[in-house]
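Here's my_file12.cif, which has mmCIF, C-alpha atoms and all ligand atoms:
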data_data
#
loop_
_atom_site.group_PDB
_atom_site.id
_atom_site.type_symbol
_atom_site.label_atom_id
_atom_site.label_comp_id
_atom_site.auth_asym_id
_atom_site.auth_seq_id
_atom_site.Cartn_x
_atom_site.Cartn_y
_atom_site.Cartn_z
ATOM 1 C CA MET A 919 -37.959 -24.393 19.915
ATOM 2 C CA THR A 920 -38.715 -25.129 23.566
ATOM 3 C CA PHE A 921 -35.943 -24.950 26.147
ATOM 4 C CA LYS A 922 -36.344 -28.681 26.825
ATOM 5 C CA ASP A 923 -35.806 -29.489 23.135
ATOM 6 C CA LYS A 924 -32.759 -27.244 22.885
ATOM 7 C CA LEU A 925 -31.333 -28.828 26.048
ATOM 8 C CA ALA A 926 -31.863 -32.346 24.665
ATOM 9 C CA GLU A 927 -30.247 -31.384 21.335
ATOM 10 C CA ALA A 928 -27.274 -29.690 22.995
ATOM 11 C CA VAL A 929 -26.592 -32.782 25.127
ATOM 12 C CA GLN A 930 -27.021 -35.159 22.187
ATOM 13 C CA GLU A 931 -24.826 -33.122 19.832
ATOM 14 C CA ALA A 932 -21.957 -32.808 22.317
ATOM 15 C CA GLU A 933 -22.609 -36.290 23.780
ATOM 16 C CA SER A 934 -22.012 -34.530 27.049
ATOM 17 C CA THR A 935 -23.845 -33.314 30.138
ATOM 18 C CA LEU A 936 -20.940 -31.046 31.053
ATOM 19 C CA CYS A 937 -21.625 -27.364 31.744
ATOM 20 C CA VAL A 938 -18.526 -25.159 31.851
ATOM 21 C CA GLY A 939 -18.797 -22.405 34.459
ATOM 22 C CA LEU A 940 -17.465 -19.035 33.323
ATOM 23 C CA ASP A 941 -16.351 -17.362 36.563
ATOM 24 C CA PRO A 942 -13.636 -14.842 35.657
ATOM 25 C CA ASN A 943 -11.701 -14.317 38.891
ATOM 26 C CA LEU A 944 -8.903 -11.743 38.423
ATOM 27 C CA ASP A 945 -6.742 -13.490 41.047
ATOM 28 C CA LEU A 946 -6.856 -16.804 39.198
ATOM 29 C CA LEU A 947 -6.436 -15.775 35.552
ATOM 30 C CA PRO A 948 -3.527 -17.434 33.716
ATOM 31 C CA ALA A 949 -0.205 -15.852 34.698
ATOM 32 C CA GLY A 950 0.206 -13.986 31.384
ATOM 33 C CA LEU A 951 -3.208 -12.293 31.731
ATOM 34 C CA ARG A 952 -3.260 -11.768 35.505
ATOM 35 C CA ASN A 953 -3.305 -8.294 37.019
ATOM 36 C CA LYS A 954 -4.981 -8.442 40.413
ATOM 37 C CA ASP A 955 -5.092 -4.697 41.030
ATOM 38 C CA ILE A 956 -6.654 -3.375 37.858
ATOM 39 C CA ALA A 957 -9.685 -5.028 36.303
ATOM 40 C CA ASP A 958 -8.884 -5.282 32.603
ATOM 41 C CA PRO A 959 -12.083 -6.338 30.803
ATOM 42 C CA ALA A 960 -10.215 -6.871 27.507
ATOM 43 C CA LYS A 961 -8.017 -9.517 29.142
ATOM 44 C CA VAL A 962 -11.030 -11.142 30.777
ATOM 45 C CA SER A 963 -12.772 -11.347 27.381
ATOM 46 C CA ARG A 964 -9.671 -12.756 25.721
ATOM 47 C CA PHE A 965 -9.379 -15.384 28.455
ATOM 48 C CA LEU A 966 -13.034 -16.436 28.364
ATOM 49 C CA LYS A 967 -13.138 -16.596 24.553
ATOM 50 C CA LYS A 968 -10.112 -18.903 24.571
ATOM 51 C CA VAL A 969 -11.777 -21.058 27.262
ATOM 52 C CA ILE A 970 -14.893 -21.286 25.072
ATOM 53 C CA ASP A 971 -12.847 -22.122 21.935
ATOM 54 C CA VAL A 972 -11.064 -25.033 23.598
ATOM 55 C CA THR A 973 -14.000 -26.475 25.589
ATOM 56 C CA ARG A 974 -16.937 -26.233 23.161
ATOM 57 C CA GLU A 975 -16.305 -29.697 21.790
ATOM 58 C CA TYR A 976 -16.713 -31.225 25.261
ATOM 59 C CA CYS A 977 -19.740 -29.495 26.771
ATOM 60 C CA ALA A 978 -23.440 -28.909 26.225
ATOM 61 C CA ALA A 979 -23.724 -25.673 28.206
ATOM 62 C CA TYR A 980 -21.985 -22.643 29.665
ATOM 63 C CA LYS A 981 -22.849 -20.931 32.922
ATOM 64 C CA PRO A 982 -21.461 -17.407 33.286
ATOM 65 C CA ASN A 983 -21.870 -16.286 36.915
ATOM 66 C CA LEU A 984 -22.957 -12.654 37.063
ATOM 67 C CA GLY A 985 -21.078 -11.935 40.307
ATOM 68 C CA PHE A 986 -17.743 -12.160 38.517
ATOM 69 C CA PHE A 987 -18.852 -9.814 35.731
ATOM 70 C CA GLU A 988 -20.405 -7.279 38.121
ATOM 71 C CA ALA A 989 -17.092 -7.225 40.031
ATOM 72 C CA LEU A 990 -15.425 -5.807 36.898
ATOM 73 C CA GLY A 991 -17.272 -2.549 37.532
ATOM 74 C CA PRO A 992 -18.984 -0.513 34.804
ATOM 75 C CA ASP A 993 -17.421 -2.622 32.028
ATOM 76 C CA GLY A 994 -18.742 -5.835 33.526
ATOM 77 C CA TRP A 995 -22.098 -5.802 31.755
ATOM 78 C CA ASP A 996 -20.452 -5.096 28.379
ATOM 79 C CA THR A 997 -18.096 -8.009 28.990
ATOM 80 C CA PHE A 998 -21.038 -10.255 29.891
ATOM 81 C CA GLN A 999 -22.825 -9.211 26.683
ATOM 82 C CA GLU A 1000 -19.676 -9.808 24.606
ATOM 83 C CA ILE A 1001 -19.304 -13.317 26.036
ATOM 84 C CA VAL A 1002 -22.988 -14.166 25.588
ATOM 85 C CA ASP A 1003 -22.696 -13.039 21.941
ATOM 86 C CA TYR A 1004 -19.560 -15.145 21.484
ATOM 87 C CA LEU A 1005 -21.037 -18.363 22.844
ATOM 88 C CA PRO A 1006 -21.946 -20.939 20.152
ATOM 89 C CA PRO A 1007 -25.704 -20.807 19.392
ATOM 90 C CA ASP A 1008 -26.134 -24.570 19.834
ATOM 91 C CA LYS A 1009 -24.983 -24.420 23.478
ATOM 92 C CA ILE A 1010 -27.273 -23.737 26.425
ATOM 93 C CA ILE A 1011 -26.403 -20.426 28.097
ATOM 94 C CA ILE A 1012 -27.390 -20.176 31.760
ATOM 95 C CA ALA A 1013 -27.021 -16.801 33.472
ATOM 96 C CA ASP A 1014 -26.159 -17.712 37.054
ATOM 97 C CA ALA A 1015 -27.766 -14.628 38.557
ATOM 98 C CA LYS A 1016 -29.701 -16.128 41.502
ATOM 99 C CA ARG A 1017 -32.343 -13.411 41.268
ATOM 100 C CA GLY A 1018 -35.528 -13.310 43.355
ATOM 101 C CA ASP A 1019 -37.622 -10.243 44.207
ATOM 102 C CA ILE A 1020 -41.151 -8.862 44.303
ATOM 103 C CA SER A 1021 -42.961 -9.264 40.990
ATOM 104 C CA SER A 1022 -42.647 -5.672 39.769
ATOM 105 C CA THR A 1023 -38.863 -5.909 40.153
ATOM 106 C CA ALA A 1024 -38.644 -9.507 38.940
ATOM 107 C CA GLU A 1025 -40.355 -8.402 35.704
ATOM 108 C CA HIS A 1026 -37.327 -6.198 35.049
ATOM 109 C CA TYR A 1027 -34.863 -8.986 35.794
ATOM 110 C CA ALA A 1028 -36.811 -11.192 33.374
ATOM 111 C CA ARG A 1029 -36.676 -8.487 30.729
ATOM 112 C CA ALA A 1030 -32.940 -7.964 31.268
ATOM 113 C CA PHE A 1031 -31.946 -11.620 30.979
ATOM 114 C CA PHE A 1032 -34.583 -13.045 28.625
ATOM 115 C CA GLU A 1033 -35.104 -10.066 26.297
ATOM 116 C CA HIS A 1034 -31.980 -7.909 26.437
ATOM 117 C CA PHE A 1035 -29.246 -10.551 26.911
ATOM 118 C CA ASP A 1036 -31.508 -13.291 25.508
ATOM 119 C CA VAL A 1037 -29.866 -16.147 27.431
ATOM 120 C CA ASP A 1038 -31.557 -19.551 27.438
ATOM 121 C CA ALA A 1039 -31.942 -19.866 31.194
ATOM 122 C CA ILE A 1040 -31.410 -18.140 34.510
ATOM 123 C CA THR A 1041 -30.912 -19.271 38.114
ATOM 124 C CA LEU A 1042 -33.482 -17.962 40.620
ATOM 125 C CA ASN A 1043 -33.652 -17.857 44.414
ATOM 126 C CA PRO A 1044 -37.133 -18.842 45.722
ATOM 127 C CA LEU A 1045 -36.668 -17.480 49.256
ATOM 128 C CA MET A 1046 -39.111 -14.581 48.707
ATOM 129 C CA GLY A 1047 -41.833 -16.997 47.626
ATOM 130 C CA PHE A 1048 -43.003 -18.790 44.518
ATOM 131 C CA GLU A 1049 -44.924 -15.856 42.996
ATOM 132 C CA THR A 1050 -41.540 -14.147 42.468
ATOM 133 C CA LEU A 1051 -40.807 -16.751 39.781
ATOM 134 C CA ASP A 1052 -43.918 -15.844 37.752
ATOM 135 C CA PRO A 1053 -42.432 -13.077 35.558
ATOM 136 C CA PHE A 1054 -39.850 -15.603 34.294
ATOM 137 C CA LEU A 1055 -42.444 -18.237 33.438
ATOM 138 C CA GLU A 1056 -44.021 -16.948 30.251
ATOM 139 C CA GLU A 1057 -41.769 -18.130 27.401
ATOM 140 C CA PRO A 1058 -41.554 -21.726 26.141
ATOM 141 C CA GLY A 1059 -38.068 -21.085 24.773
ATOM 142 C CA LYS A 1060 -36.636 -20.245 28.198
ATOM 143 C CA GLY A 1061 -35.622 -22.220 31.260
ATOM 144 C CA VAL A 1062 -35.476 -21.386 34.941
ATOM 145 C CA TYR A 1063 -33.250 -23.259 37.392
ATOM 146 C CA THR A 1064 -34.427 -22.593 40.944
ATOM 147 C CA LEU A 1065 -32.100 -23.061 43.925
ATOM 148 C CA THR A 1066 -33.460 -26.188 45.615
ATOM 149 C CA LEU A 1067 -30.616 -27.957 47.431
ATOM 150 C CA THR A 1068 -27.463 -25.891 47.073
ATOM 151 C CA SER A 1069 -23.913 -27.264 47.172
ATOM 152 C CA ASN A 1070 -22.620 -25.078 50.018
ATOM 153 C CA PRO A 1071 -22.446 -25.991 53.735
ATOM 154 C CA GLY A 1072 -25.127 -23.380 54.492
ATOM 155 C CA ALA A 1073 -27.723 -25.569 52.756
ATOM 156 C CA GLU A 1074 -28.071 -27.063 56.241
ATOM 157 C CA ASP A 1075 -29.248 -23.702 57.637
ATOM 158 C CA ILE A 1076 -32.545 -23.564 55.720
ATOM 159 C CA LEU A 1077 -32.845 -25.976 52.787
ATOM 160 C CA LEU A 1078 -32.196 -29.172 54.751
ATOM 161 C CA LYS A 1079 -34.370 -28.159 57.720
ATOM 162 C CA LYS A 1080 -37.357 -30.425 58.309
ATOM 163 C CA LEU A 1081 -40.916 -29.138 58.034
ATOM 164 C CA PRO A 1082 -43.650 -30.463 60.393
ATOM 165 C CA ASP A 1083 -44.656 -33.140 57.823
ATOM 166 C CA GLY A 1084 -41.087 -34.524 57.899
ATOM 167 C CA ASP A 1085 -40.072 -33.325 54.427
ATOM 168 C CA THR A 1086 -37.131 -30.954 54.071
ATOM 169 C CA VAL A 1087 -37.539 -27.428 52.737
ATOM 170 C CA SER A 1088 -35.686 -28.651 49.606
ATOM 171 C CA ALA A 1089 -38.232 -31.413 49.044
ATOM 172 C CA TYR A 1090 -41.057 -28.887 49.537
ATOM 173 C CA ILE A 1091 -39.508 -26.541 46.950
ATOM 174 C CA ALA A 1092 -39.265 -29.472 44.510
ATOM 175 C CA GLN A 1093 -42.972 -30.298 45.030
ATOM 176 C CA ARG A 1094 -44.028 -26.696 44.473
ATOM 177 C CA LEU A 1095 -41.928 -26.410 41.323
ATOM 178 C CA ARG A 1096 -43.433 -29.582 39.899
ATOM 179 C CA GLN A 1097 -46.950 -28.247 40.523
ATOM 180 C CA ARG A 1098 -46.023 -24.901 38.946
ATOM 181 C CA GLN A 1099 -44.602 -26.659 35.860
ATOM 182 C CA ASP A 1100 -48.107 -27.900 34.972
ATOM 183 C CA LYS A 1101 -49.191 -24.285 34.412
ATOM 184 C CA SER A 1102 -46.020 -22.889 32.844
ATOM 185 C CA PRO A 1103 -44.806 -22.863 29.225
ATOM 186 C CA THR A 1104 -41.282 -22.165 30.550
ATOM 187 C CA THR A 1105 -39.235 -25.172 31.629
ATOM 188 C CA LEU A 1106 -38.701 -25.306 35.368
ATOM 189 C CA GLY A 1107 -35.508 -26.937 36.599
ATOM 190 C CA MET A 1108 -33.710 -27.235 39.908
ATOM 191 C CA VAL A 1109 -30.214 -26.370 41.137
ATOM 192 C CA VAL A 1110 -28.984 -29.236 43.292
ATOM 193 C CA GLY A 1111 -25.436 -29.632 44.584
ATOM 194 C CA ALA A 1112 -23.235 -32.609 43.701
ATOM 195 C CA THR A 1113 -21.868 -32.310 47.235
ATOM 196 C CA LYS A 1114 -25.362 -33.175 48.484
ATOM 197 C CA ALA A 1115 -25.709 -36.424 46.504
ATOM 198 C CA PRO A 1116 -26.650 -38.437 49.652
ATOM 199 C CA ASP A 1117 -29.568 -36.028 50.324
ATOM 200 C CA LEU A 1118 -30.756 -35.797 46.728
ATOM 201 C CA GLN A 1119 -33.214 -38.701 46.510
ATOM 202 C CA PRO A 1120 -36.109 -37.229 48.545
ATOM 203 C CA VAL A 1121 -35.792 -34.001 46.534
ATOM 204 C CA ILE A 1122 -35.670 -35.273 42.950
ATOM 205 C CA MET A 1123 -38.331 -37.870 43.765
ATOM 206 C CA HIS A 1124 -40.832 -34.989 44.019
ATOM 207 C CA PHE A 1125 -39.961 -33.690 40.542
ATOM 208 C CA PRO A 1126 -38.547 -36.618 38.553
ATOM 209 C CA ALA A 1127 -38.764 -34.872 35.153
ATOM 210 C CA ALA A 1128 -36.965 -31.697 36.205
ATOM 211 C CA PRO A 1129 -33.845 -30.661 34.319
ATOM 212 C CA LEU A 1130 -31.099 -30.285 36.907
ATOM 213 C CA LEU A 1131 -28.209 -27.848 37.124
ATOM 214 C CA ILE A 1132 -25.608 -29.504 39.340
ATOM 215 C CA PRO A 1133 -22.615 -27.527 40.618
ATOM 216 C CA GLY A 1134 -20.164 -28.887 43.180
ATOM 217 C CA VAL A 1135 -17.884 -31.312 41.346
ATOM 218 C CA GLY A 1136 -14.235 -30.268 41.050
ATOM 219 C CA LYS A 1137 -13.063 -27.718 43.628
ATOM 220 C CA GLN A 1138 -16.033 -28.305 45.953
ATOM 221 C CA GLY A 1139 -15.268 -32.028 46.095
ATOM 222 C CA GLY A 1140 -18.597 -33.535 44.943
ATOM 223 C CA SER A 1141 -18.245 -37.159 43.818
ATOM 224 C CA VAL A 1142 -19.288 -38.042 40.262
ATOM 225 C CA VAL A 1143 -19.762 -41.681 41.318
ATOM 226 C CA GLU A 1144 -22.174 -40.757 44.150
ATOM 227 C CA LEU A 1145 -23.942 -38.343 41.824
ATOM 228 C CA ALA A 1146 -24.427 -41.026 39.154
ATOM 229 C CA GLU A 1147 -25.990 -43.320 41.798
ATOM 230 C CA ALA A 1148 -28.310 -40.574 43.019
ATOM 231 C CA LEU A 1149 -29.458 -39.783 39.464
ATOM 232 C CA ALA A 1150 -30.021 -43.403 38.405
ATOM 233 C CA ASN A 1151 -33.830 -43.059 38.304
ATOM 234 C CA HIS A 1152 -34.087 -39.385 37.408
ATOM 235 C CA ARG A 1153 -35.649 -38.591 34.017
ATOM 236 C CA GLY A 1154 -34.886 -34.870 33.620
ATOM 237 C CA ILE A 1155 -31.657 -33.980 31.828
ATOM 238 C CA PRO A 1156 -28.872 -32.950 34.206
ATOM 239 C CA LEU A 1157 -26.136 -30.432 33.400
ATOM 240 C CA ILE A 1158 -23.132 -30.917 35.646
ATOM 241 C CA ASN A 1159 -21.218 -27.697 36.154
ATOM 242 C CA SER A 1160 -17.580 -27.204 36.936
ATOM 243 C CA SER A 1161 -15.945 -23.798 36.910
ATOM 244 C CA ARG A 1162 -12.528 -23.398 38.613
ATOM 245 C CA SER A 1163 -11.236 -26.914 38.052
ATOM 246 C CA ILE A 1164 -11.690 -26.471 34.294
ATOM 247 C CA ILE A 1165 -11.084 -22.841 33.440
ATOM 248 C CA TYR A 1166 -8.032 -22.335 35.691
ATOM 249 C CA ALA A 1167 -6.356 -25.659 34.850
ATOM 250 C CA GLY A 1168 -2.684 -25.022 34.054
ATOM 251 C CA SER A 1169 -2.971 -21.315 34.770
ATOM 252 C CA GLU A 1170 0.724 -20.992 35.695
ATOM 253 C CA SER A 1171 1.750 -22.385 32.329
ATOM 254 C CA GLN A 1172 1.808 -20.790 28.878
ATOM 255 C CA GLN A 1173 0.152 -23.993 27.682
ATOM 256 C CA TRP A 1174 -2.972 -23.289 29.766
ATOM 257 C CA PRO A 1175 -5.457 -23.609 26.876
ATOM 258 C CA LYS A 1176 -4.332 -27.222 26.388
ATOM 259 C CA GLU A 1177 -4.784 -27.909 30.100
ATOM 260 C CA VAL A 1178 -8.250 -26.323 30.083
ATOM 261 C CA ALA A 1179 -9.240 -28.520 27.119
ATOM 262 C CA ARG A 1180 -7.783 -31.609 28.800
ATOM 263 C CA SER A 1181 -9.642 -30.912 32.017
ATOM 264 C CA ALA A 1182 -12.992 -30.439 30.186
ATOM 265 C CA LYS A 1183 -12.404 -33.603 28.162
ATOM 266 C CA ASN A 1184 -11.597 -35.603 31.340
ATOM 267 C CA LEU A 1185 -14.711 -34.449 33.153
ATOM 268 C CA LYS A 1186 -16.867 -35.170 30.088
ATOM 269 C CA GLN A 1187 -15.502 -38.724 30.140
ATOM 270 C CA GLN A 1188 -16.044 -39.109 33.893
ATOM 271 C CA LEU A 1189 -19.648 -38.027 33.405
ATOM 272 C CA SER A 1190 -20.338 -40.592 30.678
ATOM 273 C CA PRO A 1191 -22.178 -43.025 33.037
ATOM 274 C CA ILE A 1192 -24.646 -40.183 33.670
ATOM 275 C CA THR A 1193 -24.697 -38.871 30.086
ATOM 276 C CA LYS A 1194 -25.365 -42.206 28.358
ATOM 277 C CA LYS A 1195 -29.024 -42.166 29.430
ATOM 278 C CA TYR A 1196 -29.645 -38.969 27.448
ATOM 279 C CA VAL A 1197 -27.727 -39.479 24.158
HETATM 280 O O1 LIG B 1 -25.557 -24.422 44.894
HETATM 281 C C1 LIG B 1 -24.807 -23.780 44.146
HETATM 282 C C2 LIG B 1 -25.282 -22.890 43.219
HETATM 283 C C3 LIG B 1 -24.401 -22.253 42.385
HETATM 284 N N1 LIG B 1 -23.068 -22.469 42.461
HETATM 285 C C4 LIG B 1 -22.180 -21.779 41.511
HETATM 286 O O2 LIG B 1 -21.571 -22.757 40.642
HETATM 287 C C5 LIG B 1 -20.216 -22.424 40.422
HETATM 288 C C6 LIG B 1 -19.318 -23.473 41.040
HETATM 289 O O3 LIG B 1 -17.956 -23.166 40.830
HETATM 290 P P1 LIG B 1 -16.754 -24.209 41.107
HETATM 291 O O4 LIG B 1 -15.534 -23.416 40.802
HETATM 292 O O5 LIG B 1 -16.956 -25.371 40.164
HETATM 293 O O6 LIG B 1 -16.841 -24.619 42.522
HETATM 294 C C7 LIG B 1 -20.010 -21.031 40.990
HETATM 295 O O7 LIG B 1 -20.356 -20.095 39.991
HETATM 296 C C8 LIG B 1 -21.042 -20.988 42.115
HETATM 297 O O8 LIG B 1 -21.460 -19.665 42.410
HETATM 298 C C9 LIG B 1 -22.591 -23.351 43.405
HETATM 299 O O9 LIG B 1 -21.369 -23.591 43.510
HETATM 300 N N2 LIG B 1 -23.475 -23.988 44.221
#
Translate the structure of the given file into structure tokens.
Ligand SMILES: O=c1ccn([C@@H]2O[C@H](COP(=O)(O)O)[C@@H](O)[C@H]2O)c(=O)[nH]1
Amino acid sequence: MTFKDKLAEAVQEAESTLCVGLDPNLDLLPAGLRNKDIADPAKVSRFLKKVIDVTREYCAAYKPNLGFFEALGPDGWDTFQEIVDYLPPDKIIIADAKRGDISSTAEHYARAFFEHFDVDAITLNPLMGFETLDPFLEEPGKGVYTLTLTSNPGAEDILLKKLPDGDTVSAYIAQRLRQRQDKSPTTLGMVVGATKAPDLQPVIMHFPAAPLLIPGVGKQGGSVVELAEALANHRGIPLINSSRSIIYAGSESQQWPKEVARSAKNLKQQLSPITKKYV
């Protein structure tokens, strides 16, 4: 099955474009599992598995961010593997790894994430140039989300800078990705921030069929209403990610799993004006 087909099925089955971000931060774990000083991978696994159990009904995808697993030290990769294995097979799994390196190194990243961990998709950083994406672009069953217009303030530093032809760097990346898609069996998508909804139009216009991974709602303050307006004419399926505002909901209470479920359900409902186009 191609990545695009799996993405469409996952969204249709869950009737949701929600992606739950799995960012296990030791400082924010629910009170009963929290121990800031000693990384306890067993507690992290228990926490994330519970989050998955109570949110799976409301989302199409999960996005574990590698930074949080690497911060667990030597056990981090085992924990990542355990969570990837635990995730329901009908959900899209996106490794948020933001890799990008010369081809001979990128080949090894591709092998690690697409062969060893066998996730559906990965996030890549295009700053070292478009040929660094090539090792990830060989498999029809896989997807690649390239950082195009990120949600953070620093997007102004490079991505929103204007080139001599008047386009932004973000718009240029979108154009190049669209051209590359014509020659790639792998699905190319873009990471665009919900916080950048007002700047989104000139970017997605260059690649109107691109699947989008959209972080920035929730703790970063991106507006779902503005996002829905910006996506009105976009054809590619979006996945809207939220991490902290879902997985740490109610973390001071023993009832936290209920709060996590409630928060995922609420965001799924808020996203329904966006989702209805794709179900
Ligand atoms: O432009 C980007 C790209 C990636 N991220 C990642 O998404 C989540 C957002 O977490 P929240 O808690 O919902 O703010 C996190 O893993 C980021 O590293 C992003 O925020 N912006």
*How far is it from CA of Glu927 (chain A) to CA of Lys1009 (chain A), in Å with one decimal?*
9.0 Å
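Across the model, the gap from CA of Thr1068 (chain A) to atom O8 of ligand LIG 1 (chain B) is 9.8 Å.
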_Result set of the PyMOL selection byres (((not hetatm)) within 10 of (chain B and resi 1)) on the coordinates above, as an MDAnalysis selection string_ = chainID A and resid 937:942 981:986 1013:1016 1041:1043 1063:1073 1108:1114 1131:1140 1158:1166
Next, write the just-selected residues to a file, as a tab-separated table (two decimals), in the frame of the given file, keeping C-alpha atoms as the atom set.
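So the final result, stored in result.tsv, reads:
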chain	number	residue	atom	x	y	z
A	937	CYS	CA	-21.62	-27.36	31.74
A	938	VAL	CA	-18.53	-25.16	31.85
A	939	GLY	CA	-18.80	-22.40	34.46
A	940	LEU	CA	-17.46	-19.04	33.32
A	941	ASP	CA	-16.35	-17.36	36.56
A	942	PRO	CA	-13.64	-14.84	35.66
A	981	LYS	CA	-22.85	-20.93	32.92
A	982	PRO	CA	-21.46	-17.41	33.29
A	983	ASN	CA	-21.87	-16.29	36.92
A	984	LEU	CA	-22.96	-12.65	37.06
A	985	GLY	CA	-21.08	-11.94	40.31
A	986	PHE	CA	-17.74	-12.16	38.52
A	1013	ALA	CA	-27.02	-16.80	33.47
A	1014	ASP	CA	-26.16	-17.71	37.05
A	1015	ALA	CA	-27.77	-14.63	38.56
A	1016	LYS	CA	-29.70	-16.13	41.50
A	1041	THR	CA	-30.91	-19.27	38.11
A	1042	LEU	CA	-33.48	-17.96	40.62
A	1043	ASN	CA	-33.65	-17.86	44.41
A	1063	TYR	CA	-33.25	-23.26	37.39
A	1064	THR	CA	-34.43	-22.59	40.94
A	1065	LEU	CA	-32.10	-23.06	43.92
A	1066	THR	CA	-33.46	-26.19	45.62
A	1067	LEU	CA	-30.62	-27.96	47.43
A	1068	THR	CA	-27.46	-25.89	47.07
A	1069	SER	CA	-23.91	-27.26	47.17
A	1070	ASN	CA	-22.62	-25.08	50.02
A	1071	PRO	CA	-22.45	-25.99	53.74
A	1072	GLY	CA	-25.13	-23.38	54.49
A	1073	ALA	CA	-27.72	-25.57	52.76
A	1108	MET	CA	-33.71	-27.24	39.91
A	1109	VAL	CA	-30.21	-26.37	41.14
A	1110	VAL	CA	-28.98	-29.24	43.29
A	1111	GLY	CA	-25.44	-29.63	44.58
A	1112	ALA	CA	-23.24	-32.61	43.70
A	1113	THR	CA	-21.87	-32.31	47.24
A	1114	LYS	CA	-25.36	-33.17	48.48
A	1131	LEU	CA	-28.21	-27.85	37.12
A	1132	ILE	CA	-25.61	-29.50	39.34
A	1133	PRO	CA	-22.62	-27.53	40.62
A	1134	GLY	CA	-20.16	-28.89	43.18
A	1135	VAL	CA	-17.88	-31.31	41.35
A	1136	GLY	CA	-14.24	-30.27	41.05
A	1137	LYS	CA	-13.06	-27.72	43.63
A	1138	GLN	CA	-16.03	-28.30	45.95
A	1139	GLY	CA	-15.27	-32.03	46.10
A	1140	GLY	CA	-18.60	-33.53	44.94
A	1158	ILE	CA	-23.13	-30.92	35.65
A	1159	ASN	CA	-21.22	-27.70	36.15
A	1160	SER	CA	-17.58	-27.20	36.94
A	1161	SER	CA	-15.94	-23.80	36.91
A	1162	ARG	CA	-12.53	-23.40	38.61
A	1163	SER	CA	-11.24	-26.91	38.05
A	1164	ILE	CA	-11.69	-26.47	34.29
A	1165	ILE	CA	-11.08	-22.84	33.44
A	1166	TYR	CA	-8.03	-22.34	35.69
_Target residues per the PyMOL selection byres (((chain A and resi 1020) around 9) and not hetatm), formatted as a list in words_ = Gly1018, Asp1019, Ser1021, Ser1022, Thr1023, Ala1024, Glu1025, Met1046, Gly1047, Glu1049 and Thr1050 of chain A
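In this comparison, which uses only C-alpha atoms, the residue of A:Phe1031, A:His1124, A:Lys967, A:Arg974 approaching Tyr1004 (chain A) most closely is A:Lys967.
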As lines of an AutoDock Vina configuration file, please: the centre and edge lengths in Å, to one decimal, of an axis-aligned box enclosing every listed atom of region 1104-1121 of chain A with 6 Å added on each side.
center_x = -31.6
center_y = -30.4
center_z = 40.4
size_x = 31.4
size_y = 28.5
size_z = 31.8
Could you state which residues are captured by the PyMOL selection byres (((chain A and resi 1005) around 12) and not hetatm) in this file, as a PDB file with C-alpha atoms, in the frame of the given file?
ATOM      1  CA  VAL A 938     -18.526 -25.159  31.851  1.00  0.00           C
ATOM      2  CA  LEU A 940     -17.465 -19.035  33.323  1.00  0.00           C
ATOM      3  CA  SER A 963     -12.772 -11.347  27.381  1.00  0.00           C
ATOM      4  CA  LEU A 966     -13.034 -16.436  28.364  1.00  0.00           C
ATOM      5  CA  LYS A 967     -13.138 -16.596  24.553  1.00  0.00           C
ATOM      6  CA  LYS A 968     -10.112 -18.903  24.571  1.00  0.00           C
ATOM      7  CA  VAL A 969     -11.777 -21.058  27.262  1.00  0.00           C
ATOM      8  CA  ILE A 970     -14.893 -21.286  25.072  1.00  0.00           C
ATOM      9  CA  ASP A 971     -12.847 -22.122  21.935  1.00  0.00           C
ATOM     10  CA  THR A 973     -14.000 -26.475  25.589  1.00  0.00           C
ATOM     11  CA  ARG A 974     -16.937 -26.233  23.161  1.00  0.00           C
ATOM     12  CA  CYS A 977     -19.740 -29.495  26.771  1.00  0.00           C
ATOM     13  CA  ALA A 978     -23.440 -28.909  26.225  1.00  0.00           C
ATOM     14  CA  ALA A 979     -23.724 -25.673  28.206  1.00  0.00           C
ATOM     15  CA  TYR A 980     -21.985 -22.643  29.665  1.00  0.00           C
ATOM     16  CA  LYS A 981     -22.849 -20.931  32.922  1.00  0.00           C
ATOM     17  CA  PRO A 982     -21.461 -17.407  33.286  1.00  0.00           C
ATOM     18  CA  PHE A 998     -21.038 -10.255  29.891  1.00  0.00           C
ATOM     19  CA  GLN A 999     -22.825  -9.211  26.683  1.00  0.00           C
ATOM     20  CA  GLU A1000     -19.676  -9.808  24.606  1.00  0.00           C
ATOM     21  CA  ILE A1001     -19.304 -13.317  26.036  1.00  0.00           C
ATOM     22  CA  VAL A1002     -22.988 -14.166  25.588  1.00  0.00           C
ATOM     23  CA  ASP A1003     -22.696 -13.039  21.941  1.00  0.00           C
ATOM     24  CA  TYR A1004     -19.560 -15.145  21.484  1.00  0.00           C
ATOM     25  CA  PRO A1006     -21.946 -20.939  20.152  1.00  0.00           C
ATOM     26  CA  PRO A1007     -25.704 -20.807  19.392  1.00  0.00           C
ATOM     27  CA  ASP A1008     -26.134 -24.570  19.834  1.00  0.00           C
ATOM     28  CA  LYS A1009     -24.983 -24.420  23.478  1.00  0.00           C
ATOM     29  CA  ILE A1010     -27.273 -23.737  26.425  1.00  0.00           C
ATOM     30  CA  ILE A1011     -26.403 -20.426  28.097  1.00  0.00           C
ATOM     31  CA  ILE A1012     -27.390 -20.176  31.760  1.00  0.00           C
ATOM     32  CA  ASP A1036     -31.508 -13.291  25.508  1.00  0.00           C
ATOM     33  CA  VAL A1037     -29.866 -16.147  27.431  1.00  0.00           C
ATOM     34  CA  ASP A1038     -31.557 -19.551  27.438  1.00  0.00           C
TER      35      ASP A1038
END
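Comparing A:Lys922, A:Pro948, A:Gln1172, A:Ser1190 by their smallest distance to Val1062 (chain A), the closest is A:Lys922 (using all atoms listed in the file).
Candidate residues A:Glu933, A:Glu988, A:Glu1177, A:Glu1056 were compared for distance to Pro1103 (chain A), and the nearest is A:Glu1056, using all atoms listed in the file.
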